[in-house]
>>> print(open('query-v4.pdb').read())   # PDB, C-alpha atoms
ATOM      1  CA  MET K   1      85.787  72.374 159.915
ATOM      2  CA  GLU K   2      82.946  69.984 160.608
ATOM      3  CA  PHE K   3      81.026  72.487 162.724
ATOM      4  CA  LEU K   4      80.542  74.669 159.650
ATOM      5  CA  PHE K   5      78.398  72.056 158.012
ATOM      6  CA  ASP K   6      76.473  71.216 161.150
ATOM      7  CA  ALA K   7      75.527  74.830 161.811
ATOM      8  CA  PRO K   8      72.059  76.003 160.802
ATOM      9  CA  GLU K   9      71.893  77.725 157.411
ATOM     10  CA  CYS K  10      71.764  81.302 158.737
ATOM     11  CA  ALA K  11      74.612  80.803 161.169
ATOM     12  CA  ARG K  12      76.743  79.298 158.447
ATOM     13  CA  ARG K  13      76.161  82.348 156.281
ATOM     14  CA  THR K  14      77.239  84.661 159.052
ATOM     15  CA  ILE K  15      80.388  82.663 159.536
ATOM     16  CA  LEU K  16      81.139  82.704 155.800
ATOM     17  CA  LYS K  17      80.468  86.446 155.626
ATOM     18  CA  GLY K  18      82.785  86.966 158.543
ATOM     19  CA  LEU K  19      85.494  84.979 156.847
ATOM     20  CA  ALA K  20      85.052  86.897 153.592
ATOM     21  CA  GLY K  21      85.335  90.168 155.500
ATOM     22  CA  ILE K  22      88.610  89.104 157.073
ATOM     23  CA  ALA K  23      89.939  87.979 153.713
ATOM     24  CA  GLY K  24      88.938  91.319 152.153
ATOM     25  CA  VAL K  25      90.741  93.368 154.780
ATOM     26  CA  GLY K  26      93.770  91.134 154.380
ATOM     27  CA  LEU K  27      93.773  91.766 150.650
ATOM     28  CA  ILE K  28      93.671  95.555 151.065
ATOM     29  CA  ASP K  29      96.489  95.383 153.585
ATOM     30  CA  ALA K  30      98.524  93.294 151.195
ATOM     31  CA  LEU K  31      97.897  95.818 148.393
ATOM     32  CA  ILE K  32      99.038  98.758 150.508
ATOM     33  CA  LEU K  33     102.051  96.801 151.696
ATOM     34  CA  SER K  34     103.080  95.710 148.245
ATOM     35  CA  LYS K  35     102.864  99.328 147.013
ATOM     36  CA  ALA K  36     104.984 100.575 149.871
ATOM     37  CA  LEU K  37     107.533  97.862 149.199
ATOM     38  CA  ALA K  38     107.526  98.196 145.423
ATOM     39  CA  ALA K  39     110.864 100.026 145.539
ATOM     40  CA  ASP K  40     113.959  98.028 144.680
ATOM     41  CA  ALA K  41     115.626  95.896 147.296
ATOM     42  CA  PRO K  42     118.254  97.698 149.368
ATOM     43  CA  GLY K  43     121.739  97.283 147.981
ATOM     44  CA  TRP K  44     120.515  96.440 144.484
ATOM     45  CA  PRO K  45     122.455  98.596 141.987
ATOM     46  CA  GLN K  46     119.480  99.705 139.912
ATOM     47  CA  ASP K  47     121.493 102.035 137.649
ATOM     48  CA  ALA K  48     124.054  99.382 136.766
ATOM     49  CA  PHE K  49     121.289  97.026 135.639
ATOM     50  CA  LYS K  50     119.900  99.696 133.262
ATOM     51  CA  GLN K  51     123.089 100.269 131.263
ATOM     52  CA  LYS K  52     123.253  99.212 127.629
ATOM     53  CA  SER K  53     126.970  98.958 126.985
ATOM     54  CA  GLU K  54     129.855  97.110 128.541
ATOM     55  CA  ALA K  55     131.859 100.257 129.376
ATOM     56  CA  ASP K  56     128.893 102.042 130.985
ATOM     57  CA  THR K  57     127.964  98.970 133.017
ATOM     58  CA  LEU K  58     131.428  98.542 134.477
ATOM     59  CA  LYS K  59     131.726 102.273 135.132
ATOM     60  CA  THR K  60     128.397 102.346 136.971
ATOM     61  CA  LEU K  61     129.007  99.141 138.903
ATOM     62  CA  TYR K  62     132.692  99.437 139.781
ATOM     63  CA  GLY K  63     133.752 102.904 138.582
ATOM     64  CA  LYS K  64     136.517 101.561 136.360
ATOM     65  CA  SER K  65     137.187  99.459 133.268
ATOM     66  CA  ALA K  66     138.445  95.904 132.884
ATOM     67  CA  GLU K  67     141.479  94.396 131.195
ATOM     68  CA  ALA K  68     141.502  90.928 129.673
ATOM     69  CA  SER K  69     143.186  88.256 131.763
ATOM     70  CA  ASP K  70     143.797  84.527 131.324
ATOM     71  CA  LYS K  71     143.326  84.113 135.072
ATOM     72  CA  VAL K  72     139.598  84.567 134.627
ATOM     73  CA  SER K  73     137.923  81.528 133.211
ATOM     74  CA  LEU K  74     134.488  81.653 131.677
ATOM     75  CA  ASP K  75     132.719  78.379 131.073
ATOM     76  CA  ALA K  76     129.850  78.768 128.638
ATOM     77  CA  PRO K  77     128.544  76.609 125.787
ATOM     78  CA  GLU K  78     129.669  77.310 122.188
ATOM     79  CA  ILE K  79     126.109  76.918 121.034
ATOM     80  CA  ALA K  80     123.111  77.364 123.304
ATOM     81  CA  GLU K  81     120.046  75.758 121.804
ATOM     82  CA  ASN K  82     117.726  77.454 124.246
ATOM     83  CA  GLY K  83     118.509  81.079 125.002
ATOM     84  CA  ALA K  84     116.236  81.006 128.047
ATOM     85  CA  VAL K  85     118.606  78.764 129.967
ATOM     86  CA  VAL K  86     122.299  79.196 129.235
ATOM     87  CA  PRO K  87     124.595  77.688 131.870
ATOM     88  CA  ILE K  88     127.436  80.071 132.670
ATOM     89  CA  ALA K  89     130.228  79.444 135.163
ATOM     90  CA  VAL K  90     133.012  81.816 136.148
ATOM     91  CA  THR K  91     136.106  80.909 138.120
ATOM     92  CA  SER K  92     139.295  82.793 138.764
ATOM     93  CA  THR K  93     142.706  82.083 140.207
ATOM     94  CA  LEU K  94     143.297  85.764 140.981
ATOM     95  CA  PRO K  95     143.963  86.721 144.611
ATOM     96  CA  LYS K  96     141.669  88.827 146.815
ATOM     97  CA  VAL K  97     138.581  88.521 144.647
ATOM     98  CA  THR K  98     135.753  90.688 145.930
ATOM     99  CA  GLY K  99     133.262  90.591 143.080
ATOM    100  CA  ILE K 100     132.191  88.755 139.952
ATOM    101  CA  ALA K 101     129.946  90.211 137.258
ATOM    102  CA  ILE K 102     128.504  88.561 134.181
ATOM    103  CA  LEU K 103     127.616  90.664 131.153
ATOM    104  CA  VAL K 104     125.734  89.589 128.042
ATOM    105  CA  LEU K 105     126.692  92.266 125.526
ATOM    106  CA  GLU K 106     123.749  91.895 123.117
ATOM    107  CA  ASN K 107     121.010  91.664 125.741
ATOM    108  CA  PRO K 108     118.654  94.664 126.153
ATOM    109  CA  TYR K 109     120.451  95.454 129.405
ATOM    110  CA  THR K 110     124.097  94.411 129.439
ATOM    111  CA  LEU K 111     124.478  93.374 133.054
ATOM    112  CA  ALA K 112     122.985  89.964 133.850
ATOM    113  CA  ALA K 113     124.251  89.298 137.351
ATOM    114  CA  ALA K 114     126.745  90.615 139.861
ATOM    115  CA  TYR K 115     128.055  88.676 142.836
ATOM    116  CA  LYS K 116     129.735  89.918 145.995
ATOM    117  CA  VAL K 117     132.465  87.590 147.160
ATOM    118  CA  PRO K 118     133.561  88.175 150.754
ATOM    119  CA  GLU K 119     136.814  86.847 152.177
ATOM    120  CA  GLY K 120     136.699  83.100 152.677
ATOM    121  CA  THR K 121     134.456  82.490 149.706
ATOM    122  CA  GLN K 122     135.870  80.953 146.530
ATOM    123  CA  ALA K 123     136.075  83.039 143.365
ATOM    124  CA  ALA K 124     133.707  80.763 141.522
ATOM    125  CA  VAL K 125     130.044  80.910 140.636
ATOM    126  CA  ALA K 126     127.761  78.935 138.372
ATOM    127  CA  SER K 127     124.260  79.940 137.313
ATOM    128  CA  ARG K 128     121.933  80.090 134.328
ATOM    129  CA  LEU K 129     121.180  83.154 132.228
ATOM    130  CA  LYS K 130     118.800  84.245 129.514
ATOM    131  CA  MET K 131     120.250  85.410 126.200
ATOM    132  CA  ALA K 132     118.226  87.304 123.614
ATOM    133  CA  LYS K 133     120.467  86.280 120.693
ATOM    134  CA  THR K 134     123.990  85.234 119.758
ATOM    135  CA  SER K 135     126.291  87.418 121.797
ATOM    136  CA  LYS K 136     129.583  87.828 123.508
ATOM    137  CA  VAL K 137     129.413  86.957 127.179
ATOM    138  CA  MET K 138     131.882  88.688 129.443
ATOM    139  CA  ALA K 139     132.961  87.619 132.899
ATOM    140  CA  VAL K 140     134.466  90.371 135.013
ATOM    141  CA  VAL K 141     136.327  89.659 138.220
ATOM    142  CA  GLU K 142     137.279  92.337 140.724
ATOM    143  CA  SER K 143     140.592  91.390 142.279
ATOM    144  CA  ASP K 144     142.555  93.575 144.663
ATOM    145  CA  GLY K 145     140.655  96.645 143.453
ATOM    146  CA  LYS K 146     141.242  95.995 139.739
ATOM    147  CA  LEU K 147     138.992  94.506 137.090
ATOM    148  CA  TYR K 148     139.910  91.557 134.900
ATOM    149  CA  SER K 149     137.768  89.981 132.236
ATOM    150  CA  ALA K 150     137.298  87.006 129.958
ATOM    151  CA  THR K 151     135.010  86.956 126.939
ATOM    152  CA  LYS K 152     133.424  84.173 124.958
ATOM    153  CA  GLU K 153     130.927  84.165 122.125
ATOM    154  CA  VAL K 154     127.849  82.029 122.634
ATOM    155  CA  LYS K 155     125.673  81.200 119.631
ATOM    156  CA  VAL K 156     121.992  81.162 120.450
ATOM    157  CA  THR K 157     119.567  79.190 118.282
ATOM    158  CA  VAL K 158     116.324  80.242 119.996
ATOM    159  CA  GLY K 159     116.329  83.573 121.846
ATOM    160  CA  GLY K 160     115.404  83.677 125.496
ATOM    161  CA  CYS K 161     113.461  86.929 125.496
ATOM    162  CA  GLY K 162     110.271  85.617 123.927
ATOM    163  CA  GLY K 163     111.185  87.165 120.553
TER     164      GLY K 163
ATOM    165  CA  MET L   1     103.116  76.798 151.536
ATOM    166  CA  ALA L   2     106.271  74.987 150.710
ATOM    167  CA  SER L   3     109.369  77.132 150.600
ATOM    168  CA  THR L   4     110.456  78.553 147.258
ATOM    169  CA  ILE L   5     114.033  77.763 148.178
ATOM    170  CA  ARG L   6     115.798  74.461 147.823
ATOM    171  CA  VAL L   7     119.360  74.422 149.007
ATOM    172  CA  ARG L   8     121.989  71.750 149.439
ATOM    173  CA  ALA L   9     125.198  72.595 151.238
ATOM    174  CA  VAL L  10     127.844  69.924 151.593
ATOM    175  CA  ALA L  11     130.992  70.356 153.646
ATOM    176  CA  SER L  12     134.068  68.489 152.528
ATOM    177  CA  GLY L  13     137.224  69.331 154.378
ATOM    178  CA  ASP L  14     137.360  73.084 154.923
ATOM    179  CA  LYS L  15     135.236  73.843 151.899
ATOM    180  CA  THR L  16     131.456  73.933 151.746
ATOM    181  CA  GLU L  17     129.784  73.706 148.377
ATOM    182  CA  VAL L  18     126.366  75.288 148.133
ATOM    183  CA  GLN L  19     123.829  74.646 145.413
ATOM    184  CA  SER L  20     120.503  76.415 145.472
ATOM    185  CA  LEU L  21     117.392  76.431 143.383
ATOM    186  CA  ILE L  22     114.720  79.086 143.892
ATOM    187  CA  GLN L  23     111.251  78.998 142.423
ATOM    188  CA  HIS L  24     110.580  82.341 140.763
ATOM    189  CA  PRO L  25     109.137  83.400 137.377
ATOM    190  CA  MET L  26     112.033  85.853 136.731
ATOM    191  CA  ASP L  27     109.934  87.789 134.180
ATOM    192  CA  SER L  28     112.250  90.037 132.227
ATOM    193  CA  GLY L  29     109.710  92.660 131.158
ATOM    194  CA  PHE L  30     110.369  91.957 127.473
ATOM    195  CA  VAL L  31     108.070  88.979 127.012
ATOM    196  CA  LYS L  32     104.474  89.348 125.804
ATOM    197  CA  ASP L  33     101.596  87.246 127.064
ATOM    198  CA  ALA L  34      98.969  85.491 124.930
ATOM    199  CA  LYS L  35      97.083  88.790 124.460
ATOM    200  CA  GLY L  36     100.175  90.561 123.187
ATOM    201  CA  GLU L  37     100.605  92.624 126.318
ATOM    202  CA  LEU L  38     103.999  92.937 127.937
ATOM    203  CA  ILE L  39     104.409  90.978 131.148
ATOM    204  CA  PRO L  40     105.918  93.492 133.605
ATOM    205  CA  PRO L  41     109.342  92.706 135.031
ATOM    206  CA  HIS L  42     109.236  90.490 138.087
ATOM    207  CA  HIS L  43     112.578  89.137 139.137
ATOM    208  CA  ILE L  44     114.715  88.468 142.184
ATOM    209  CA  GLU L  45     117.119  91.300 142.920
ATOM    210  CA  VAL L  46     119.148  90.142 145.889
ATOM    211  CA  VAL L  47     119.946  86.673 147.248
ATOM    212  CA  GLN L  48     121.951  86.385 150.417
ATOM    213  CA  PHE L  49     123.680  83.431 152.026
ATOM    214  CA  GLU L  50     124.645  83.762 155.678
ATOM    215  CA  HIS L  51     126.679  81.478 157.870
ATOM    216  CA  GLY L  52     127.376  82.189 161.541
ATOM    217  CA  GLY L  53     126.019  85.745 161.291
ATOM    218  CA  LYS L  54     128.327  86.560 158.385
ATOM    219  CA  THR L  55     127.294  86.981 154.774
ATOM    220  CA  VAL L  56     129.224  84.458 152.721
ATOM    221  CA  PHE L  57     127.741  85.249 149.312
ATOM    222  CA  THR L  58     125.512  87.907 147.775
ATOM    223  CA  ALA L  59     123.929  87.607 144.360
ATOM    224  CA  LEU L  60     122.572  90.726 142.636
ATOM    225  CA  TRP L  61     120.363  89.632 139.811
ATOM    226  CA  GLY L  62     118.879  91.454 136.848
ATOM    227  CA  PRO L  63     116.039  90.279 134.625
ATOM    228  CA  ALA L  64     118.463  88.251 132.479
ATOM    229  CA  VAL L  65     118.774  85.475 135.051
ATOM    230  CA  SER L  66     116.794  82.380 134.019
ATOM    231  CA  LYS L  67     113.459  81.320 135.461
ATOM    232  CA  ASP L  68     113.715  79.247 138.661
ATOM    233  CA  PRO L  69     117.321  80.367 139.114
ATOM    234  CA  TYR L  70     120.102  77.968 139.974
ATOM    235  CA  LEU L  71     123.247  79.040 141.780
ATOM    236  CA  LYS L  72     126.407  77.274 142.853
ATOM    237  CA  PHE L  73     129.299  78.615 144.905
ATOM    238  CA  SER L  74     131.547  77.477 147.719
ATOM    239  CA  PHE L  75     133.040  79.010 150.824
ATOM    240  CA  THR L  76     135.366  78.066 153.660
ATOM    241  CA  GLY L  77     134.958  78.170 157.428
ATOM    242  CA  ALA L  78     131.853  76.055 157.923
ATOM    243  CA  LYS L  79     131.493  72.509 159.162
ATOM    244  CA  LYS L  80     128.935  69.744 158.992
ATOM    245  CA  GLY L  81     125.830  70.527 161.064
ATOM    246  CA  ASP L  82     126.225  74.308 160.836
ATOM    247  CA  GLU L  83     123.306  76.400 159.676
ATOM    248  CA  LEU L  84     123.205  78.271 156.400
ATOM    249  CA  LYS L  85     120.537  80.929 155.933
ATOM    250  CA  VAL L  86     119.329  81.735 152.438
ATOM    251  CA  SER L  87     117.091  84.714 151.726
ATOM    252  CA  TRP L  88     115.895  86.527 148.628
ATOM    253  CA  VAL L  89     114.003  89.738 147.800
ATOM    254  CA  ASP L  90     112.411  90.535 144.440
ATOM    255  CA  ASN L  91     111.548  93.791 142.689
ATOM    256  CA  LYS L  92     107.969  93.664 143.983
ATOM    257  CA  GLY L  93     109.104  93.426 147.574
ATOM    258  CA  ALA L  94     108.273  89.742 147.978
ATOM    259  CA  SER L  95     110.786  87.655 149.847
ATOM    260  CA  ASP L  96     111.459  84.254 151.310
ATOM    261  CA  SER L  97     114.112  82.682 153.472
ATOM    262  CA  LEU L  98     115.202  79.276 154.617
ATOM    263  CA  VAL L  99     117.678  77.872 157.104
ATOM    264  CA  ALA L 100     119.426  74.720 155.934
ATOM    265  CA  LYS L 101     121.788  72.393 157.735
ATOM    266  CA  ILE L 102     125.164  71.879 156.152
ATOM    267  CA  GLN L 103     125.632  68.203 155.347
TER     268      GLN L 103
END
>>> encode(input="query-v4.pdb", output="structure tokens")
Amino acid sequence: MEFLFDAPECARRTILKGLAGIAGVGLIDALILSKALAADAPGWPQDAFKQKSEADTLKTLYGKSAEASDKVSLDAPEIAENGAVVPIAVTSTLPKVTGIAILVLENPYTLAAAYKVPEGTQAAVASRLKMAKTSKVMAVVESDGKLYSATKEVKVTVGGCGG
Amino acid sequence: MASTIRVRAVASGDKTEVQSLIQHPMDSGFVKDAKGELIPPHHIEVVQFEHGGKTVFTALWGPAVSKDPYLKFSFTGAKKGDELKVSWVDNKGASDSLVAKIQ
């Protein structure tokens, strides 16, 4: 970069102008690109993430409903002090698990996350979710084409939706 | 720029445990900024983990996943030294990917 400072004043300006021009074009390109790409990622089930009830979510996502099972284990805190970060873990001993979904029933949109579990991958996932208020959390596991669920109530002291 | 993805994959026996941390605001679309205006939703939609050309885990995330999301899962069939590719795409079309060595 040293040459920039050694260059005579006028030459330096030209160089700077040139750089600004390149940056400007880059910005416009980026804007056009980002508009073209603003659609949802391929494979993302947009409709399922817009549902507001447990039944509708499962119907949209899997086309069926779930039955409670003690072979699905949902690990969530009894009381979450901070609703913005609630650790949730789901494991299952069911065979042929192909999917795991986590629903927070009182959130604005019920579905929080859905995971695809191919063969060879364990039926276990741990992550952190936001919860708007005290709510039942439901873990749904798709095993051999059927849905099984476990539910637990998590008390939230401070909501995680900025409310 | 440093990658937004941090991943640690450890093989023990036949099983490989993967832990990942991605830097992302994960704005839900329900939170207001200091001026009282809603911050539009901006969250990761799909995260993919690939090993040996095969997808070993796919996460589909809504706005309810926490900021700077953490994820843990494990799969079989990989060994120490193998490569694990992690990639994500958000609702604005931004994306990032990283190839990590399994330890």
>>> residues_near_point(input="query-v4.pdb", point="(138.8, 79.0, 142.3)", cutoff="10 Å", atoms="all atoms listed in the file", output="mmCIF file with C-alpha atoms, in the coordinates of the input")
data_model
loop_
_atom_site.group_PDB
_atom_site.id
_atom_site.type_symbol
_atom_site.label_atom_id
_atom_site.label_comp_id
_atom_site.auth_asym_id
_atom_site.auth_seq_id
_atom_site.Cartn_x
_atom_site.Cartn_y
_atom_site.Cartn_z
ATOM 1 C CA LYS K 71 143.326 84.113 135.072
ATOM 2 C CA VAL K 72 139.598 84.567 134.627
ATOM 3 C CA SER K 73 137.923 81.528 133.211
ATOM 4 C CA VAL K 90 133.012 81.816 136.148
ATOM 5 C CA THR K 91 136.106 80.909 138.120
ATOM 6 C CA SER K 92 139.295 82.793 138.764
ATOM 7 C CA THR K 93 142.706 82.083 140.207
ATOM 8 C CA LEU K 94 143.297 85.764 140.981
ATOM 9 C CA PRO K 95 143.963 86.721 144.611
ATOM 10 C CA VAL K 97 138.581 88.521 144.647
ATOM 11 C CA THR K 121 134.456 82.490 149.706
ATOM 12 C CA GLN K 122 135.870 80.953 146.530
ATOM 13 C CA ALA K 123 136.075 83.039 143.365
ATOM 14 C CA ALA K 124 133.707 80.763 141.522
ATOM 15 C CA VAL K 125 130.044 80.910 140.636
ATOM 16 C CA PHE L 73 129.299 78.615 144.905
ATOM 17 C CA SER L 74 131.547 77.477 147.719
#
>>> closest_atom_pairs(input="query-v4.pdb", of="chain K", to="chain L", cutoff="10 Å", atoms="all atoms listed in the file", output="CSV")
residue,atom,partner,partner_atom,distance
K:Leu33,CA,L:Gly93,CA,8.8
K:Ser34,CA,L:Gly93,CA,6.5
K:Lys35,CA,L:Lys92,CA,8.2
K:Ala36,CA,L:Gly93,CA,8.6
K:Leu37,CA,L:Gly93,CA,5.0
K:Ala38,CA,L:Lys92,CA,4.8
K:Ala39,CA,L:Asn91,CA,6.9
K:Asp40,CA,L:Asn91,CA,5.3
K:Ala41,CA,L:Val89,CA,6.4
K:Pro42,CA,L:Val46,CA,8.4
K:Gly43,CA,L:Val46,CA,7.9
K:Trp44,CA,L:Leu60,CA,6.3
K:Pro45,CA,L:Leu60,CA,7.9
K:Gln46,CA,L:Gly62,CA,8.8
K:Ala48,CA,L:Gly62,CA,9.5
K:Phe49,CA,L:Gly62,CA,6.2
K:Lys50,CA,L:Gly62,CA,9.0
K:Gly83,CA,L:Ser66,CA,9.3
K:Ala84,CA,L:Ser66,CA,6.2
K:Val85,CA,L:Ser66,CA,5.7
K:Val86,CA,L:Ser66,CA,8.0
K:Pro87,CA,L:Tyr70,CA,9.3
K:Ala89,CA,L:Lys72,CA,8.9
K:Thr91,CA,L:Phe73,CA,9.9
K:Gly99,CA,L:Thr58,CA,9.5
K:Ile100,CA,L:Ala59,CA,9.4
K:Ala101,CA,L:Leu60,CA,9.1
K:Ile102,CA,L:Trp61,CA,10.0
K:Leu103,CA,L:Ala64,CA,9.6
K:Val104,CA,L:Ala64,CA,8.6
K:Asn107,CA,L:Ala64,CA,8.0
K:Pro108,CA,L:Phe30,CA,8.8
K:Tyr109,CA,L:Ala64,CA,8.1
K:Thr110,CA,L:Ala64,CA,8.9
K:Leu111,CA,L:Gly62,CA,7.0
K:Ala112,CA,L:Ala64,CA,5.0
K:Ala113,CA,L:Trp61,CA,4.6
K:Ala114,CA,L:Leu60,CA,5.0
K:Tyr115,CA,L:Ala59,CA,4.5
K:Lys116,CA,L:Thr58,CA,5.0
K:Val117,CA,L:Phe57,CA,5.7
K:Pro118,CA,L:Val56,CA,6.0
K:Glu119,CA,L:Val56,CA,8.0
K:Gly120,CA,L:Thr76,CA,5.3
K:Thr121,CA,L:Phe75,CA,3.9
K:Gln122,CA,L:Phe75,CA,5.5
K:Ala123,CA,L:Phe73,CA,8.2
K:Ala124,CA,L:Phe73,CA,6.0
K:Val125,CA,L:Phe73,CA,4.9
K:Ala126,CA,L:Lys72,CA,5.0
K:Ser127,CA,L:Leu71,CA,4.7
K:Arg128,CA,L:Ser66,CA,5.6
K:Leu129,CA,L:Val65,CA,4.4
K:Lys130,CA,L:Ala64,CA,5.0
K:Met131,CA,L:Ala64,CA,7.1
K:Ala132,CA,L:Ala64,CA,8.9
K:Gly160,CA,L:Ser66,CA,8.7
K:Cys161,CA,L:Val31,CA,6.0
K:Gly162,CA,L:Val31,CA,5.1
K:Gly163,CA,L:Val31,CA,7.4
>>> residues_near_point(input="query-v4.pdb", point="(131.9, 99.8, 129.1)", cutoff="12 Å", atoms="only C-alpha atoms", output="ChimeraX atom specification")
/K:48,51-67,103-105,110-111,138,140,147,149
>>> atom_distance(input="query-v4.pdb", atom1="atom CA of L:Leu98", atom2="atom CA of L:Val10")
16.0 Å
>>> atom_distance(input="query-v4.pdb", atom1="atom CA of L:Gln103", atom2="atom CA of L:Lys79")
8.2 Å
>>> resolve_selection(input="query-v4.pdb", expression="the PyMOL selection byres ((chain L and resi 81) around 9)", output="PyMOL selection string")
chain L and resi 78-80+82-83+101-103
>>> closest_atom_pairs(input="query-v4.pdb", of="stretch 46-101 of chain L", to="stretch 2-8 of chain L", cutoff="8 Å", atoms="only C-alpha atoms", output="Markdown table")
| residue | atom | partner | partner_atom | distance |
| --- | --- | --- | --- | --- |
| L:Val86 | CA | L:Ile5 | CA | 7.9 |
| L:Asp96 | CA | L:Thr4 | CA | 7.1 |
| L:Ser97 | CA | L:Ile5 | CA | 7.2 |
| L:Leu98 | CA | L:Ile5 | CA | 6.7 |
| L:Ala100 | CA | L:Val7 | CA | 6.9 |
>>> resolve_selection(input="query-v4.pdb", expression="the PyMOL selection byres ((chain K and resi 78) around 10)", output="PyMOL selection string")
chain K and resi 75-77+79-81+152-156
